[in-house]
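Colleague: One structure, pasted below without further comment.
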Amino acid sequence: MESRVLVLFLGLALGVGGLTGCARDRLVQAEDTTQPPVIEPDVARREIEVPKIDTEDFEVGILMGQISVEDFGVNTVAGGRFAYHVTEGFFVELAAGRADTELTSFERLSGAAQLLTEDDREYSYYNVSLGYNIFPGEHFIGKNRAMNTETYVIGGVGKTTFAGDDRFTINFGMGMRVMPLDWLAVHGDIRDHVFDIDLLGQEKTSHNLEATLGVTFFF
Amino acid sequence: MRWVLLVLSLCQFAIAANAAGAERPLREVTIADPFIELHTGPGGGYPVFYVAERGEQIALVMRRTEWFKVRVARGQEGWVHFEQLTTTLNSDGQPFDVPALGFSDYEARRWEVGALYGDFGGANVIAMYGSHNFTPNLSGELWVSQAIGRFSDSTMVTLDIVHLMYPDWRASPYFTLGGGVIKTQPKATLVATTDRTDNVALAGAGVRVYLTRRFVFRGEYKTHVVFTSRDDNEEVQEWKAGFSFFF
């Protein structure tokens, strides 16, 4: 009986000892792996910085030209435009401009009679238009150089302030964008601004043709 | 005069941005399609003048709408449609993920601007707005509208809350509530009238349809109550449609 108990205890003692021994071995192994290996792998993470791609869908610029204000002569107009190119064909344009109009023939001939005050003589407009690049093309200069061009049709709605009132205005026309550089464009534009006016007693539809040259920058 | 300064400063910004962009390193990709076609301009109508083969390294110079300007190893520069670049590889061998704007960008939009045209109680109305999305369903919109009628013109500024019913649909209806001020100026040819400014409240419904890239169509109906200083309030119905862009 005693010897059996002894065997049991010894067995237990051996078992526990063996276990702790194993644990110590594992510890030693774990310690071993932290030691520096013979060959140090020299792995440096490469920082990949992907350059961004420059997207140039917006266009901003100035325009200048002549506008024929019905009954009020041909006048110098100056303005600005801002456009967003949605697809290769369609673009949306926000444009504004102003001109100081001349005297009418009636005012000139009568001498004294003035139809409008100085402030009311100012013609200003803004409009929102949808354009479509209908004819893409190229202009060739000499043998070695070419510039891309786009002929577009454009139309939209807007407001004209003239003769003391705001007038709802429809505009439509055509233009051409000549691009000497990818981010620089020269515009030639012919636009008709149409609105109703009752200044001379009877309401009539007034057509105001505008021809402008402009410079725009893409960004 | 103020907008002249704005346009000029924008021009200056555009020139500066282009000058700064000239020295930047370009993104290099490897062609994985059998070949890509280089056009002389950013459009399908421009002629193809060069073909680059599979395996060639190309640098992406810039992008305009759906077209990328690329530079091939031999130095030629031309425009490639983005669909031809969808299978190209980045310098790390991973497919080049063409940053094409799609419906997922529409769903993740934060800011939006738009212009609409329509009828405001018989007058022509041009309206522009800017909006911010708080959640996919809910957005706040600031509207500036100009109505030009036979007898009077009005300028209205309102702040609206819009609830989009199904933000994950390409076409979704929405409801809106808002309020603001309206300034009415009778025509100069009418006599004995004065300008007036009144408060206005509105409710409306509409539909918005995602079209392509940054382009959204929207059409809406709004009913306005103008709190006039007269005995009766004025009710104005408005229908309009237009386009907007998101960022």
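Following the order of the structure tokens, first chain is A, next is B, and so on, with residues numbered from 1 inside each chain and ligands from 1 in the order they appear.
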Write out as a tab-separated table a residue-level contact list of chain A versus chain B with cut-off 9 Å: for each qualifying residue the closest pair of atoms and the distance in Å to one decimal, counting only C-alpha atoms, rows sorted by chain and residue number upward.
Modeller:
```
residue	atom	partner	partner_atom	distance
A:Ile48	CA	B:Asp92	CA	8.6
A:Val50	CA	B:Arg27	CA	6.5
A:Pro51	CA	B:Arg27	CA	5.2
A:Lys52	CA	B:Arg27	CA	7.0
A:Ile53	CA	B:Met62	CA	5.7
A:Asp54	CA	B:Met62	CA	4.7
A:Thr55	CA	B:Arg63	CA	4.6
A:Glu56	CA	B:Arg64	CA	5.3
A:Asp57	CA	B:Arg64	CA	5.5
A:Glu59	CA	B:Ala14	CA	8.4
A:Val60	CA	B:Cys11	CA	6.0
A:Gly61	CA	B:Cys11	CA	6.0
A:Ile62	CA	B:Val7	CA	7.3
A:Gly79	CA	B:Val4	CA	7.5
A:Gly80	CA	B:Val7	CA	6.3
A:Arg81	CA	B:Val7	CA	7.7
A:Phe82	CA	B:Val7	CA	8.1
A:His85	CA	B:Thr65	CA	6.6
A:Val86	CA	B:Thr65	CA	6.3
A:Thr87	CA	B:Thr65	CA	5.2
A:Glu88	CA	B:Gly43	CA	5.7
A:Gly89	CA	B:Gly43	CA	7.9
A:Ala96	CA	B:Trp3	CA	8.7
A:Val128	CA	B:Ala115	CA	7.7
A:Phe135	CA	B:Gly45	CA	8.0
A:Pro136	CA	B:Gly45	CA	6.1
A:Gly137	CA	B:Tyr46	CA	6.7
A:Glu138	CA	B:Tyr46	CA	8.2
A:Asn148	CA	B:Gly41	CA	6.5
A:Thr149	CA	B:Gly41	CA	8.8
A:Val157	CA	B:Ile126	CA	7.7
A:Gly158	CA	B:Ile126	CA	7.0
A:Lys159	CA	B:Ile148	CA	8.1
A:Ala163	CA	B:Ala188	CA	8.5
A:Gly164	CA	B:Ala188	CA	6.1
A:Asp165	CA	B:Ala188	CA	6.2
A:Asp166	CA	B:Ile148	CA	6.7
A:Arg167	CA	B:Ile148	CA	6.3
A:Phe168	CA	B:Ile148	CA	5.7
A:Trp183	CA	B:Asn18	CA	7.3
A:Leu184	CA	B:Ile15	CA	8.9
A:Asp198	CA	B:Thr189	CA	8.1
A:Leu199	CA	B:Thr189	CA	7.6
A:Thr216	CA	B:Cys11	CA	7.6
A:Phe217	CA	B:Ala14	CA	6.0
A:Phe218	CA	B:Ala14	CA	6.4
A:Phe219	CA	B:Ala14	CA	5.2
```
Colleague: Could you pull out the strand (DSSP E) residues of chain A from DSSP and send them as a count of residues only?
Modeller: 120
Colleague: Select, from A:Val43, A:Leu130, A:Leu181, A:Ile170, the residue with the minimum atom-to-atom distance to Arg145 (chain A), counting only C-alpha atoms.
Modeller: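 Looking at the shortest contact to Arg145 (chain A), the residue is A:Leu181.
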Colleague: Taking 5 positions as the minimum chain separation for residues in the same chain, which residues sit within 10 Å of Gln114 (chain A) when counting only C-alpha atoms? Answer as a PyMOL selection string.
Modeller: chain A and resi 103-104+106-108
Colleague: Write a file of the just-selected residues containing N, CA and C atoms, as a PDB file, in the first residue's frame.
Modeller:
```
ATOM      1  N   LEU A 103     -26.865 106.544 -77.716  1.00  0.00           N
ATOM      2  CA  LEU A 103     -28.173 107.171 -77.901  1.00  0.00           C
ATOM      3  C   LEU A 103     -28.862 106.528 -79.104  1.00  0.00           C
ATOM      4  N   THR A 104     -30.193 106.524 -79.062  1.00  0.00           N
ATOM      5  CA  THR A 104     -30.935 106.058 -80.234  1.00  0.00           C
ATOM      6  C   THR A 104     -30.883 107.155 -81.295  1.00  0.00           C
ATOM      7  N   PHE A 106     -33.362 108.526 -82.651  1.00  0.00           N
ATOM      8  CA  PHE A 106     -34.370 109.512 -82.266  1.00  0.00           C
ATOM      9  C   PHE A 106     -33.787 110.536 -81.285  1.00  0.00           C
ATOM     10  N   GLU A 107     -33.075 110.044 -80.310  1.00  0.00           N
ATOM     11  CA  GLU A 107     -32.481 110.937 -79.303  1.00  0.00           C
ATOM     12  C   GLU A 107     -31.458 111.877 -79.942  1.00  0.00           C
ATOM     13  N   ARG A 108     -30.701 111.350 -80.890  1.00  0.00           N
ATOM     14  CA  ARG A 108     -29.701 112.158 -81.586  1.00  0.00           C
ATOM     15  C   ARG A 108     -30.358 113.281 -82.377  1.00  0.00           C
TER      16      ARG A 108
END
```
Colleague: Provide the CA of Glu203 (chain A) to CA of Val153 (chain A) distance in Å, to one decimal place.
Modeller: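 If I compute the distance from CA of Glu203 (chain A) to CA of Val153 (chain A), I get 29.0 Å.
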Colleague: Please provide as a PyMOL selection string all residues within 10 Å of Val225 (chain B), with the sequence filter that same-chain residues fewer than 3 positions apart are discarded (counting only C-alpha atoms).
Modeller: chain B and resi 179+199-203+228+233-237
Colleague: Which residues in region 61-229 of chain B does DSSP call helix (DSSP H, G or I)? List them as a ChimeraX atom specification.
Modeller: /B:82-85,103-107
Colleague: Mind writing the picked residues with C-alpha atoms as a PDB file, in the first residue's frame?
Modeller:
```pdb
ATOM      1  CA  PHE B  82     -10.422  55.942 -70.412  1.00  0.00           C
ATOM      2  CA  GLU B  83     -12.016  52.629 -71.451  1.00  0.00           C
ATOM      3  CA  GLN B  84      -8.718  51.660 -73.116  1.00  0.00           C
ATOM      4  CA  LEU B  85      -6.903  52.257 -69.842  1.00  0.00           C
ATOM      5  CA  PHE B 103     -23.068  56.233 -59.315  1.00  0.00           C
ATOM      6  CA  SER B 104     -21.069  55.371 -56.182  1.00  0.00           C
ATOM      7  CA  ASP B 105     -19.552  58.868 -56.277  1.00  0.00           C
ATOM      8  CA  TYR B 106     -23.067  60.239 -56.626  1.00  0.00           C
ATOM      9  CA  GLU B 107     -24.132  58.311 -53.529  1.00  0.00           C
TER      10      GLU B 107
END
```
